[in-house]
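**Student:** This is query-v5.cif (mmCIF, C-alpha atoms and all ligand atoms).
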data_my_file
#
loop_
_atom_site.group_PDB
_atom_site.id
_atom_site.type_symbol
_atom_site.label_atom_id
_atom_site.label_comp_id
_atom_site.auth_asym_id
_atom_site.auth_seq_id
_atom_site.Cartn_x
_atom_site.Cartn_y
_atom_site.Cartn_z
ATOM 1 C CA MET V 1 1.888 -23.286 3.449
ATOM 2 C CA GLN V 2 3.077 -22.537 -0.093
ATOM 3 C CA THR V 3 6.784 -22.607 -0.871
ATOM 4 C CA ILE V 4 8.470 -19.260 -1.549
ATOM 5 C CA SER V 5 8.970 -20.195 -5.184
ATOM 6 C CA GLN V 6 5.219 -20.859 -5.464
ATOM 7 C CA CYS V 7 4.609 -17.376 -3.989
ATOM 8 C CA HIS V 8 6.939 -15.897 -6.614
ATOM 9 C CA THR V 9 5.025 -17.718 -9.361
ATOM 10 C CA VAL V 10 1.675 -16.386 -8.126
ATOM 11 C CA LEU V 11 3.073 -12.845 -7.935
ATOM 12 C CA SER V 12 4.521 -13.130 -11.479
ATOM 13 C CA ARG V 13 1.157 -14.295 -12.762
ATOM 14 C CA ILE V 14 -0.597 -11.340 -11.116
ATOM 15 C CA THR V 15 1.911 -8.759 -12.323
ATOM 16 C CA ASN V 16 1.757 -10.161 -15.883
ATOM 17 C CA VAL V 17 -1.930 -9.295 -16.171
ATOM 18 C CA TRP V 18 -1.655 -5.872 -14.483
ATOM 19 C CA GLU V 19 -2.291 -3.945 -17.710
ATOM 20 C CA LYS V 20 -5.529 -5.819 -18.314
ATOM 21 C CA ARG V 21 -6.716 -5.720 -14.697
ATOM 22 C CA SER V 22 -5.718 -2.284 -13.438
ATOM 23 C CA GLN V 23 -8.438 0.352 -13.326
ATOM 24 C CA VAL V 24 -5.994 3.178 -14.055
ATOM 25 C CA LYS V 25 -5.667 1.738 -17.585
ATOM 26 C CA LYS V 26 -9.435 1.774 -18.103
ATOM 27 C CA LYS V 27 -11.620 4.560 -19.419
ATOM 28 C CA GLU V 28 -12.338 7.150 -16.732
ATOM 29 C CA LEU V 29 -15.766 7.086 -15.078
ATOM 30 C CA GLU V 30 -18.065 9.758 -16.428
ATOM 31 C CA ALA V 31 -19.567 11.343 -13.372
ATOM 32 C CA ALA V 32 -22.104 13.393 -15.353
ATOM 33 C CA LEU V 33 -23.717 10.217 -16.694
ATOM 34 C CA LEU V 34 -23.864 8.472 -13.362
ATOM 35 C CA LEU V 35 -24.931 11.192 -10.942
ATOM 36 C CA ASP V 36 -28.420 10.824 -9.518
ATOM 37 C CA SER V 37 -28.793 13.274 -6.666
ATOM 38 C CA THR V 38 -32.213 11.872 -5.713
ATOM 39 C CA LYS V 39 -30.451 8.808 -4.306
ATOM 40 C CA PRO V 40 -28.550 8.848 -1.004
ATOM 41 C CA ASP V 41 -24.742 8.938 -1.076
ATOM 42 C CA PHE V 42 -24.225 6.125 1.429
ATOM 43 C CA ARG V 43 -25.845 3.155 3.183
ATOM 44 C CA ILE V 44 -27.735 3.945 6.359
ATOM 45 C CA ASP V 45 -26.740 0.611 7.958
ATOM 46 C CA LEU V 46 -23.081 1.691 7.868
ATOM 47 C CA LEU V 47 -23.764 4.552 10.283
ATOM 48 C CA PRO V 48 -22.707 3.467 13.801
ATOM 49 C CA PHE V 49 -25.607 5.477 15.262
ATOM 50 C CA LYS V 50 -28.320 4.408 12.781
ATOM 51 C CA ASP V 51 -30.676 3.351 15.625
ATOM 52 C CA HIS V 52 -29.944 6.267 17.945
ATOM 53 C CA PRO V 53 -33.081 8.330 18.702
ATOM 54 C CA ALA V 54 -31.267 11.613 17.969
ATOM 55 C CA PHE V 55 -30.564 10.393 14.432
ATOM 56 C CA LEU V 56 -33.969 8.763 13.919
ATOM 57 C CA GLU V 57 -35.865 11.892 14.928
ATOM 58 C CA SER V 58 -33.842 14.222 12.664
ATOM 59 C CA SER V 59 -35.292 15.559 9.405
ATOM 60 C CA GLN V 60 -34.861 13.706 6.104
ATOM 61 C CA GLU V 61 -32.654 16.566 4.914
ATOM 62 C CA THR V 62 -30.326 16.111 7.902
ATOM 63 C CA LYS V 63 -30.280 12.337 7.472
ATOM 64 C CA ASP V 64 -29.303 12.748 3.799
ATOM 65 C CA LYS V 65 -26.581 15.210 4.756
ATOM 66 C CA ILE V 66 -25.213 12.753 7.322
ATOM 67 C CA LEU V 67 -25.194 9.997 4.674
ATOM 68 C CA SER V 68 -23.197 12.294 2.381
ATOM 69 C CA CYS V 69 -20.751 12.793 5.272
ATOM 70 C CA GLY V 70 -20.556 9.004 5.604
ATOM 71 C CA TRP V 71 -19.555 8.757 1.954
ATOM 72 C CA LEU V 72 -16.928 11.485 2.347
ATOM 73 C CA MET V 73 -15.532 9.725 5.433
ATOM 74 C CA TYR V 74 -15.387 6.470 3.517
ATOM 75 C CA ASN V 75 -13.285 8.230 0.892
ATOM 76 C CA TRP V 76 -11.040 9.929 3.464
ATOM 77 C CA LYS V 77 -10.462 6.599 5.171
ATOM 78 C CA THR V 78 -9.486 5.100 1.821
ATOM 79 C CA ILE V 79 -6.999 7.919 1.218
ATOM 80 C CA GLY V 80 -5.517 7.377 4.704
ATOM 81 C CA VAL V 81 -5.038 3.647 4.099
ATOM 82 C CA GLU V 82 -3.510 4.154 0.657
ATOM 83 C CA LEU V 83 -1.154 7.022 1.506
ATOM 84 C CA LYS V 84 -0.226 6.287 5.117
ATOM 85 C CA VAL V 85 -0.217 2.497 5.182
ATOM 86 C CA VAL V 86 -0.080 0.673 1.836
ATOM 87 C CA ASN V 87 2.026 2.966 -0.334
ATOM 88 C CA PRO V 88 4.714 3.387 2.363
ATOM 89 C CA VAL V 89 5.026 -0.419 2.487
ATOM 90 C CA CYS V 90 5.357 -0.550 -1.333
ATOM 91 C CA GLU V 91 8.058 2.088 -1.049
ATOM 92 C CA ASP V 92 9.875 0.027 1.597
ATOM 93 C CA ILE V 93 9.753 -2.989 -0.716
ATOM 94 C CA ILE V 94 11.056 -0.986 -3.683
ATOM 95 C CA TYR V 95 13.942 0.268 -1.512
ATOM 96 C CA HIS V 96 14.596 -3.332 -0.297
ATOM 97 C CA ARG V 97 14.071 -2.289 3.320
ATOM 98 C CA TYR V 98 12.334 -5.622 3.996
ATOM 99 C CA PRO V 99 14.212 -8.874 3.462
ATOM 100 C CA GLY V 100 13.033 -11.385 0.847
ATOM 101 C CA VAL V 101 11.862 -8.809 -1.696
ATOM 102 C CA SER V 102 14.646 -8.778 -4.292
ATOM 103 C CA GLU V 103 12.878 -11.145 -6.728
ATOM 104 C CA SER V 104 11.866 -9.231 -9.876
ATOM 105 C CA ALA V 105 8.200 -10.314 -9.584
ATOM 106 C CA ILE V 106 8.028 -8.760 -6.097
ATOM 107 C CA GLN V 107 9.624 -5.520 -7.233
ATOM 108 C CA GLU V 108 7.229 -5.297 -10.174
ATOM 109 C CA VAL V 109 4.173 -6.111 -8.123
ATOM 110 C CA ALA V 110 5.081 -3.440 -5.533
ATOM 111 C CA THR V 111 5.241 -0.793 -8.264
ATOM 112 C CA ASP V 112 1.919 -2.042 -9.711
ATOM 113 C CA VAL V 113 0.262 -1.652 -6.311
ATOM 114 C CA LEU V 114 1.833 1.792 -5.843
ATOM 115 C CA VAL V 115 0.266 2.934 -9.135
ATOM 116 C CA ASP V 116 -3.089 1.288 -8.313
ATOM 117 C CA GLU V 117 -3.293 2.923 -4.892
ATOM 118 C CA SER V 118 -2.256 6.314 -6.252
ATOM 119 C CA TYR V 119 -5.037 5.976 -8.806
ATOM 120 C CA HIS V 120 -7.514 5.095 -6.035
ATOM 121 C CA VAL V 121 -6.505 8.270 -4.217
ATOM 122 C CA GLN V 122 -7.240 10.256 -7.373
ATOM 123 C CA LEU V 123 -10.520 8.388 -7.924
ATOM 124 C CA VAL V 124 -11.926 8.939 -4.448
ATOM 125 C CA THR V 125 -10.604 12.505 -4.184
ATOM 126 C CA LYS V 126 -12.480 13.416 -7.375
ATOM 127 C CA ALA V 127 -15.576 11.631 -6.094
ATOM 128 C CA GLY V 128 -15.311 13.530 -2.805
ATOM 129 C CA VAL V 129 -15.004 16.885 -4.574
ATOM 130 C CA ILE V 130 -18.154 16.133 -6.597
ATOM 131 C CA THR V 131 -20.125 15.118 -3.490
ATOM 132 C CA SER V 132 -18.901 18.123 -1.467
ATOM 133 C CA GLN V 133 -19.957 20.518 -4.224
ATOM 134 C CA GLN V 134 -23.267 18.804 -4.872
ATOM 135 C CA ARG V 135 -24.240 18.668 -1.175
ATOM 136 C CA GLY V 136 -22.661 21.924 0.020
ATOM 137 C CA LEU V 137 -20.083 20.208 2.247
ATOM 138 C CA GLN V 138 -16.939 21.897 0.940
ATOM 139 C CA SER V 139 -15.817 23.127 4.357
ATOM 140 C CA LEU V 140 -15.853 19.668 5.988
ATOM 141 C CA LYS V 141 -12.389 18.653 7.248
ATOM 142 C CA SER V 142 -11.143 15.133 7.864
ATOM 143 C CA PRO V 143 -9.689 14.236 11.256
ATOM 144 C CA GLU V 144 -7.259 11.291 11.554
ATOM 145 C CA PHE V 145 -8.841 7.809 11.528
ATOM 146 C CA ASN V 146 -8.286 5.209 14.234
ATOM 147 C CA LEU V 147 -6.879 2.758 11.688
ATOM 148 C CA VAL V 148 -3.896 5.054 11.098
ATOM 149 C CA LEU V 149 -3.748 6.262 14.724
ATOM 150 C CA GLY V 150 -3.745 2.667 15.976
ATOM 151 C CA MET V 151 -0.790 1.851 13.757
ATOM 152 C CA LYS V 152 1.136 4.950 14.875
ATOM 153 C CA LYS V 153 0.445 4.296 18.571
ATOM 154 C CA GLU V 154 1.610 0.702 18.225
ATOM 155 C CA GLN V 155 4.772 1.817 16.383
ATOM 156 C CA ASP V 156 5.523 4.279 19.182
ATOM 157 C CA LEU V 157 5.640 1.404 21.670
ATOM 158 C CA TYR V 158 8.818 0.061 20.082
ATOM 159 C CA GLN V 159 12.364 1.372 19.774
ATOM 160 C CA GLU V 160 13.731 -0.581 16.838
ATOM 161 C CA GLU V 161 13.121 0.505 13.262
ATOM 162 C CA TRP V 162 12.448 -3.107 12.174
ATOM 163 C CA GLN V 163 9.672 -3.329 14.778
ATOM 164 C CA LYS V 164 8.003 -0.166 13.475
ATOM 165 C CA MET V 165 8.319 -1.491 9.913
ATOM 166 C CA LEU V 166 6.745 -4.833 10.817
ATOM 167 C CA VAL V 167 3.815 -3.033 12.509
ATOM 168 C CA LYS V 168 3.333 -1.116 9.263
ATOM 169 C CA LEU V 169 3.552 -4.333 7.235
ATOM 170 C CA ALA V 170 0.967 -6.028 9.488
ATOM 171 C CA THR V 171 -1.387 -3.050 9.114
ATOM 172 C CA SER V 172 -1.065 -3.106 5.331
ATOM 173 C CA VAL V 173 -1.675 -6.868 5.165
ATOM 174 C CA VAL V 174 -4.819 -6.652 7.283
ATOM 175 C CA SER V 175 -6.104 -3.634 5.324
ATOM 176 C CA GLU V 176 -5.448 -5.278 1.984
ATOM 177 C CA VAL V 177 -7.002 -8.583 2.976
ATOM 178 C CA PHE V 178 -10.190 -6.965 4.327
ATOM 179 C CA VAL V 179 -10.660 -3.905 2.176
ATOM 180 C CA SER V 180 -12.328 -5.967 -0.585
ATOM 181 C CA ASP V 181 -15.170 -7.061 1.723
ATOM 182 C CA TYR V 182 -15.508 -3.510 2.927
ATOM 183 C CA LEU V 183 -15.818 -2.293 -0.667
ATOM 184 C CA LYS V 184 -18.109 -5.091 -1.827
ATOM 185 C CA LEU V 185 -21.015 -3.891 0.266
ATOM 186 C CA LEU V 186 -21.216 -0.506 -1.499
ATOM 187 C CA SER V 187 -20.120 -1.680 -4.941
ATOM 188 C CA THR V 188 -23.235 -3.847 -5.278
ATOM 189 C CA ASP V 189 -25.735 -1.502 -3.637
ATOM 190 C CA GLU V 190 -28.425 -0.383 -6.114
ATOM 191 C CA THR V 191 -30.030 2.035 -3.653
ATOM 192 C CA ILE V 192 -27.131 4.497 -3.413
ATOM 193 C CA GLN V 193 -26.064 7.112 -5.938
ATOM 194 C CA PRO V 194 -24.879 5.175 -9.053
ATOM 195 C CA PHE V 195 -21.687 7.239 -9.364
ATOM 196 C CA ASN V 196 -20.609 6.353 -5.825
ATOM 197 C CA ARG V 197 -21.315 2.702 -6.501
ATOM 198 C CA ALA V 198 -19.242 2.824 -9.717
ATOM 199 C CA VAL V 199 -16.309 4.461 -7.886
ATOM 200 C CA VAL V 200 -16.297 1.748 -5.234
ATOM 201 C CA ASP V 201 -16.698 -0.978 -7.843
ATOM 202 C CA ALA V 202 -13.658 0.256 -9.817
ATOM 203 C CA HIS V 203 -11.639 0.289 -6.601
ATOM 204 C CA ARG V 204 -12.826 -3.183 -5.599
ATOM 205 C CA ARG V 205 -11.660 -4.716 -8.898
ATOM 206 C CA ASP V 206 -8.051 -3.775 -8.076
ATOM 207 C CA GLU V 207 -8.352 -4.716 -4.417
ATOM 208 C CA ASP V 208 -9.425 -8.263 -5.233
ATOM 209 C CA ALA V 209 -5.950 -8.712 -6.755
ATOM 210 C CA HIS V 210 -4.218 -6.848 -3.910
ATOM 211 C CA SER V 211 -5.600 -9.243 -1.328
ATOM 212 C CA SER V 212 -3.836 -12.139 -3.013
ATOM 213 C CA ILE V 213 -0.701 -10.034 -3.626
ATOM 214 C CA PHE V 214 -0.308 -9.175 0.066
ATOM 215 C CA LYS V 215 -0.912 -12.718 1.264
ATOM 216 C CA ASN V 216 1.932 -13.893 -0.980
ATOM 217 C CA LEU V 217 4.195 -10.911 -0.307
ATOM 218 C CA VAL V 218 3.990 -11.391 3.427
ATOM 219 C CA GLN V 219 5.101 -15.025 3.116
ATOM 220 C CA CYS V 220 8.171 -13.994 1.084
ATOM 221 C CA ILE V 221 9.171 -11.371 3.674
ATOM 222 C CA TYR V 222 8.349 -13.547 6.678
ATOM 223 C CA SER V 223 10.507 -16.428 5.426
ATOM 224 C CA GLU V 224 13.586 -14.173 5.546
ATOM 225 C CA LEU V 225 13.001 -12.656 9.006
ATOM 226 C CA THR V 226 15.143 -13.651 12.009
ATOM 227 C CA SER V 227 13.404 -15.817 14.609
ATOM 228 C CA GLU V 228 13.066 -12.794 16.934
ATOM 229 C CA GLN V 229 11.451 -10.801 14.131
ATOM 230 C CA LYS V 230 9.166 -13.697 13.210
ATOM 231 C CA ALA V 231 7.918 -13.988 16.798
ATOM 232 C CA PHE V 232 7.303 -10.229 16.932
ATOM 233 C CA PHE V 233 5.436 -10.214 13.619
ATOM 234 C CA ILE V 234 3.127 -13.083 14.583
ATOM 235 C CA GLU V 235 2.265 -11.302 17.812
ATOM 236 C CA VAL V 236 1.493 -8.046 16.038
ATOM 237 C CA LEU V 237 -0.295 -9.342 12.916
ATOM 238 C CA PRO V 238 -3.818 -9.757 14.372
ATOM 239 C CA LYS V 239 -3.833 -6.330 16.076
ATOM 240 C CA PRO V 240 -4.708 -4.135 13.058
ATOM 241 C CA LEU V 241 -7.979 -6.049 12.721
ATOM 242 C CA TYR V 242 -9.250 -4.082 15.741
ATOM 243 C CA TRP V 243 -8.117 -0.763 14.252
ATOM 244 C CA PHE V 244 -9.666 -1.688 10.906
ATOM 245 C CA ALA V 245 -12.988 -2.637 12.511
ATOM 246 C CA ASP V 246 -13.143 0.507 14.666
ATOM 247 C CA LYS V 247 -16.387 2.460 14.295
ATOM 248 C CA GLU V 248 -14.416 5.721 14.123
ATOM 249 C CA LEU V 249 -16.731 7.434 16.615
ATOM 250 C CA GLU V 250 -14.301 10.350 17.181
ATOM 251 C CA VAL V 251 -14.281 11.094 13.457
ATOM 252 C CA TRP V 252 -18.082 10.946 13.427
ATOM 253 C CA LYS V 253 -18.296 13.273 16.421
ATOM 254 C CA SER V 254 -16.099 15.816 14.661
ATOM 255 C CA VAL V 255 -18.058 15.529 11.401
ATOM 256 C CA LEU V 256 -21.458 15.847 13.109
ATOM 257 C CA GLU V 257 -20.222 18.913 15.005
ATOM 258 C CA GLN V 258 -18.874 20.429 11.804
ATOM 259 C CA ILE V 259 -22.312 20.192 10.130
ATOM 260 C CA GLY V 260 -23.942 21.711 13.229
ATOM 261 C CA PHE V 261 -25.795 18.587 14.378
ATOM 262 C CA ALA V 262 -26.980 19.590 17.854
ATOM 263 C CA LYS V 263 -26.851 16.155 19.467
ATOM 264 C CA ALA V 264 -23.382 15.135 18.239
ATOM 265 C CA GLU V 265 -21.995 14.862 21.779
ATOM 266 C CA GLU V 266 -24.976 12.805 22.974
ATOM 267 C CA ILE V 267 -24.655 10.361 20.062
ATOM 268 C CA TYR V 268 -20.916 10.055 20.664
ATOM 269 C CA ARG V 269 -21.346 9.446 24.397
ATOM 270 C CA ASP V 270 -24.052 6.816 23.940
ATOM 271 C CA CYS V 271 -22.217 4.975 21.159
ATOM 272 C CA ARG V 272 -18.960 4.985 23.137
ATOM 273 C CA ALA V 273 -20.748 3.295 26.010
ATOM 274 C CA GLY V 274 -21.540 0.358 23.701
ATOM 275 C CA GLN V 275 -19.475 -1.665 21.266
ATOM 276 C CA THR V 276 -16.848 0.548 19.584
ATOM 277 C CA SER V 277 -15.832 -1.932 16.899
ATOM 278 C CA ASN V 278 -17.597 -3.687 14.014
ATOM 279 C CA LEU V 279 -15.680 -6.905 14.575
ATOM 280 C CA ASP V 280 -18.909 -8.919 14.774
ATOM 281 C CA SER V 281 -19.752 -8.061 11.182
ATOM 282 C CA ILE V 282 -16.312 -8.936 9.780
ATOM 283 C CA ASP V 283 -15.389 -12.406 8.605
ATOM 284 C CA TYR V 284 -11.749 -12.663 9.673
ATOM 285 C CA THR V 285 -11.239 -16.308 8.734
ATOM 286 C CA GLN V 286 -8.636 -15.291 6.161
ATOM 287 C CA LEU V 287 -6.536 -13.560 8.819
ATOM 288 C CA ILE V 288 -6.753 -16.566 11.117
ATOM 289 C CA GLU V 289 -5.642 -18.839 8.274
ATOM 290 C CA LEU V 290 -2.759 -16.553 7.354
ATOM 291 C CA VAL V 291 -1.455 -16.278 10.941
ATOM 292 C CA GLN V 292 -1.759 -20.038 11.495
ATOM 293 C CA ASP V 293 -0.128 -20.727 8.157
ATOM 294 C CA LEU V 294 2.905 -18.586 8.997
ATOM 295 C CA ASP V 295 3.413 -20.204 12.414
ATOM 296 C CA PRO V 296 0.856 -22.770 13.634
ATOM 297 C CA LYS V 297 1.956 -22.772 17.285
ATOM 298 C CA ARG V 298 2.797 -19.134 17.927
ATOM 299 C CA GLY V 299 -0.029 -18.105 15.632
ATOM 300 C CA GLU V 300 -2.574 -19.914 17.760
ATOM 301 C CA GLU V 301 -1.273 -18.172 20.914
ATOM 302 C CA SER V 302 -1.243 -14.789 19.278
ATOM 303 C CA LEU V 303 -4.825 -15.141 17.970
ATOM 304 C CA ALA V 304 -5.995 -16.398 21.360
ATOM 305 C CA ASN V 305 -4.324 -13.440 23.121
ATOM 306 C CA MET V 306 -6.248 -11.091 20.864
ATOM 307 C CA GLY V 307 -9.523 -12.931 21.583
ATOM 308 C CA LEU V 308 -9.883 -14.055 17.979
ATOM 309 C CA LEU V 309 -10.250 -17.788 18.584
ATOM 310 C CA ASN V 310 -13.460 -19.293 19.877
HETATM 311 FE FE FE Q 1 -6.830 0.789 -2.938
HETATM 312 FE FE FE Q 2 -4.944 -2.082 -2.216
#
For the file at hand, write its structure as structure tokens.
Ligand SMILES: [Fe+2]
Ligand SMILES: [Fe+2]
**Tutor:**
Amino acid sequence: MQTISQCHTVLSRITNVWEKRSQVKKKELEAALLLDSTKPDFRIDLLPFKDHPAFLESSQETKDKILSCGWLMYNWKTIGVELKVVNPVCEDIIYHRYPGVSESAIQEVATDVLVDESYHVQLVTKAGVITSQQRGLQSLKSPEFNLVLGMKKEQDLYQEEWQKMLVKLATSVVSEVFVSDYLKLLSTDETIQPFNRAVVDAHRRDEDAHSSIFKNLVQCIYSELTSEQKAFFIEVLPKPLYWFADKELEVWKSVLEQIGFAKAEEIYRDCRAGQTSNLDSIDYTQLIELVQDLDPKRGEESLANMGLLN
């Protein structure tokens, strides 16, 4: 495990290059130059029902519409993570609600992330507006995602404010460590609409830095927790992985119903009967390393309890 002063040094180094790295400081993407409506908006293999007969037998037009919905959902999920999970944690750090965050590098880095995430919200909202207009999906509404619901349900289990705050911190760490992989898949995909790929790629460039920021931030906070708080945090830290990997079948059901897809209920029922999370396709080695690094003994127990150790 790094020392806290090493964490501070890493965070200083990252915040010192923020101006060069941050996408908000770059020239805005020109949608008009990148739009190619002949290409699909999203990857078919990211649909949790891609092999379901009701989807396979639908017309190409319907399949394309569903892929556009997939892209809109991807953007909504991003907005949920930024506004309901990550930015609230940055706010807590700026208000010194967590211990171990008074170092100037930490304060600066939290404001950098707050700006980055706010920019990502703007980026994906604009992208969503363009897609909705282009594909006639303006009336589609976003239900709440399981990632955010999972966090809220877990917070409701506890009385103390510090417990709720540590659940939020755990959710932000897991999101920030894994969001880069999640973005990488689309940011390198030549088969989807080039504008969508460019939006995801811009986002990914910031998230690569955020992953390292959150791994260091969490060590600074953890080192100043009481032993009761440390034990609680280690127990809770692996849980958001399940919320993050959720296939969001309820959101899909709502979206398919909203576009008038006749077999929405059937798809939902059949998919629910199978695996409801994408955990198999996620490499969570980094989370295992982080938990074990924070507390080798308790970490091992916590990961085993969550079924994350072989
Ligand atoms: Fe982001
Ligand atoms: Fe981020």
**Student:** Here's the selection I'm unsure about, the PyMOL selection byres (((chain V and resi 268) around 12) and not hetatm); applied to the file above, which residues does it give, as JSON, numbers by chain?
**Tutor:** {"V": [48, 49, 52, 54, 55, 247, 248, 249, 250, 251, 252, 253, 254, 255, 256, 257, 261, 262, 263, 264, 265, 266, 267, 269, 270, 271, 272, 273, 274, 275, 276]}
**Student:** Produce as a ChimeraX atom specification the set of residues near ligand FE 2 (chain Q), where near means within 8 Å with only C-alpha atoms and all ligand atoms considered.
**Tutor:** /V:82,86,113,116-117,175-176,179,206-207,210-211
**Student:** Select from chain V every residue with an atom at most 12 Å from any atom of ligand FE 1 (chain Q), then for each give the shortest pair of atoms and their distance in Å to one decimal, using all atoms listed in the file, rows by chain and rising number, as CSV.
**Tutor:**
residue,atom,partner,partner_atom,distance
V:Ser22,CA,Q:FE1,FE,11.0
V:Gln23,CA,Q:FE1,FE,10.5
V:Val24,CA,Q:FE1,FE,11.4
V:Asn75,CA,Q:FE1,FE,10.6
V:Trp76,CA,Q:FE1,FE,11.9
V:Lys77,CA,Q:FE1,FE,10.6
V:Thr78,CA,Q:FE1,FE,6.9
V:Ile79,CA,Q:FE1,FE,8.3
V:Gly80,CA,Q:FE1,FE,10.2
V:Val81,CA,Q:FE1,FE,7.8
V:Glu82,CA,Q:FE1,FE,5.9
V:Leu83,CA,Q:FE1,FE,9.5
V:Lys84,CA,Q:FE1,FE,11.8
V:Val85,CA,Q:FE1,FE,10.6
V:Val86,CA,Q:FE1,FE,8.3
V:Asn87,CA,Q:FE1,FE,9.5
V:Asp112,CA,Q:FE1,FE,11.4
V:Val113,CA,Q:FE1,FE,8.2
V:Leu114,CA,Q:FE1,FE,9.2
V:Val115,CA,Q:FE1,FE,9.7
V:Asp116,CA,Q:FE1,FE,6.6
V:Glu117,CA,Q:FE1,FE,4.6
V:Ser118,CA,Q:FE1,FE,7.9
V:Tyr119,CA,Q:FE1,FE,8.0
V:His120,CA,Q:FE1,FE,5.3
V:Val121,CA,Q:FE1,FE,7.6
V:Gln122,CA,Q:FE1,FE,10.5
V:Leu123,CA,Q:FE1,FE,9.8
V:Val124,CA,Q:FE1,FE,9.7
V:Ser172,CA,Q:FE1,FE,10.8
V:Ser175,CA,Q:FE1,FE,9.4
V:Glu176,CA,Q:FE1,FE,7.9
V:Val177,CA,Q:FE1,FE,11.1
V:Phe178,CA,Q:FE1,FE,11.1
V:Val179,CA,Q:FE1,FE,7.9
V:Ser180,CA,Q:FE1,FE,9.0
V:Tyr182,CA,Q:FE1,FE,11.3
V:Leu183,CA,Q:FE1,FE,9.8
V:Val199,CA,Q:FE1,FE,11.3
V:Val200,CA,Q:FE1,FE,9.8
V:Asp201,CA,Q:FE1,FE,11.2
V:Ala202,CA,Q:FE1,FE,9.7
V:His203,CA,Q:FE1,FE,6.1
V:Arg204,CA,Q:FE1,FE,7.7
V:Arg205,CA,Q:FE1,FE,9.4
V:Asp206,CA,Q:FE1,FE,7.0
V:Glu207,CA,Q:FE1,FE,5.9
V:Asp208,CA,Q:FE1,FE,9.7
V:Ala209,CA,Q:FE1,FE,10.3
V:His210,CA,Q:FE1,FE,8.1
V:Ser211,CA,Q:FE1,FE,10.2
**Student:** Which residues match the PyMOL selection byres (((chain V and resi 98) around 10) and not hetatm) in the file above, as a tab-separated table (two decimals) with C-alpha atoms, in the frame of the given file?
**Tutor:**
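So the final result, stored in expr38.tsv, reads:
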chain	number	residue	atom	x	y	z
V	89	VAL	CA	5.03	-0.42	2.49
V	92	ASP	CA	9.88	0.03	1.60
V	93	ILE	CA	9.75	-2.99	-0.72
V	94	ILE	CA	11.06	-0.99	-3.68
V	95	TYR	CA	13.94	0.27	-1.51
V	96	HIS	CA	14.60	-3.33	-0.30
V	97	ARG	CA	14.07	-2.29	3.32
V	99	PRO	CA	14.21	-8.87	3.46
V	100	GLY	CA	13.03	-11.38	0.85
V	101	VAL	CA	11.86	-8.81	-1.70
V	102	SER	CA	14.65	-8.78	-4.29
V	162	TRP	CA	12.45	-3.11	12.17
V	165	MET	CA	8.32	-1.49	9.91
V	166	LEU	CA	6.74	-4.83	10.82
V	169	LEU	CA	3.55	-4.33	7.24
V	220	CYS	CA	8.17	-13.99	1.08
V	221	ILE	CA	9.17	-11.37	3.67
V	222	TYR	CA	8.35	-13.55	6.68
V	224	GLU	CA	13.59	-14.17	5.55
V	225	LEU	CA	13.00	-12.66	9.01
**Student:** How many Å separate CA of Ile130 (chain V) from CA of Leu56 (chain V)?
**Tutor:** 26.9 Å
**Student:** Excluding same-chain residues fewer than 3 positions from Thr3 (chain V), what lies within 10 Å of it counting all atoms listed in the file, as a ChimeraX atom specification?
**Tutor:** /V:6-9,216,219-220,223
**Student:** Emit as lines of an AutoDock Vina configuration file the padded axis-aligned box for all listed atoms of region 175-184 of chain V, 6 Å per side, with centre and edge lengths in Å to one decimal.
**Tutor:**
center_x = -11.8
center_y = -5.4
center_z = 1.7
size_x = 24.7
size_y = 18.3
size_z = 19.2
**Student:** Take the PyMOL selection byres (((chain V and resi 39) around 12) and not hetatm), apply it to the structure above, and return the hits as a ChimeraX atom specification.
**Tutor:** /V:34-38,40-43,64-65,67-68,189-197
**Student:** Do you have the CA of Pro240 (chain V)-CA of Thr171 (chain V) distance handy?
**Tutor:**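 Computed distance, CA of Pro240 (chain V) to CA of Thr171 (chain V), equals 5.3 Å.
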**Student:** Rounded to one decimal in Å, what is the spacing between CA of Ser227 (chain V) and CA of Glu300 (chain V)?
**Tutor:**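 Separation of CA of Ser227 (chain V) and CA of Glu300 (chain V): 16.8 Å.
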**Student:** Which residue gives the smallest distance to Leu186 (chain V) among V:Ser12, V:Asp45, V:Leu309, V:Glu57, with only C-alpha atoms counted?
**Tutor:**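 Going through V:Ser12, V:Asp45, V:Leu309, V:Glu57 one by one, the smallest distance to Leu186 (chain V) is for V:Asp45.
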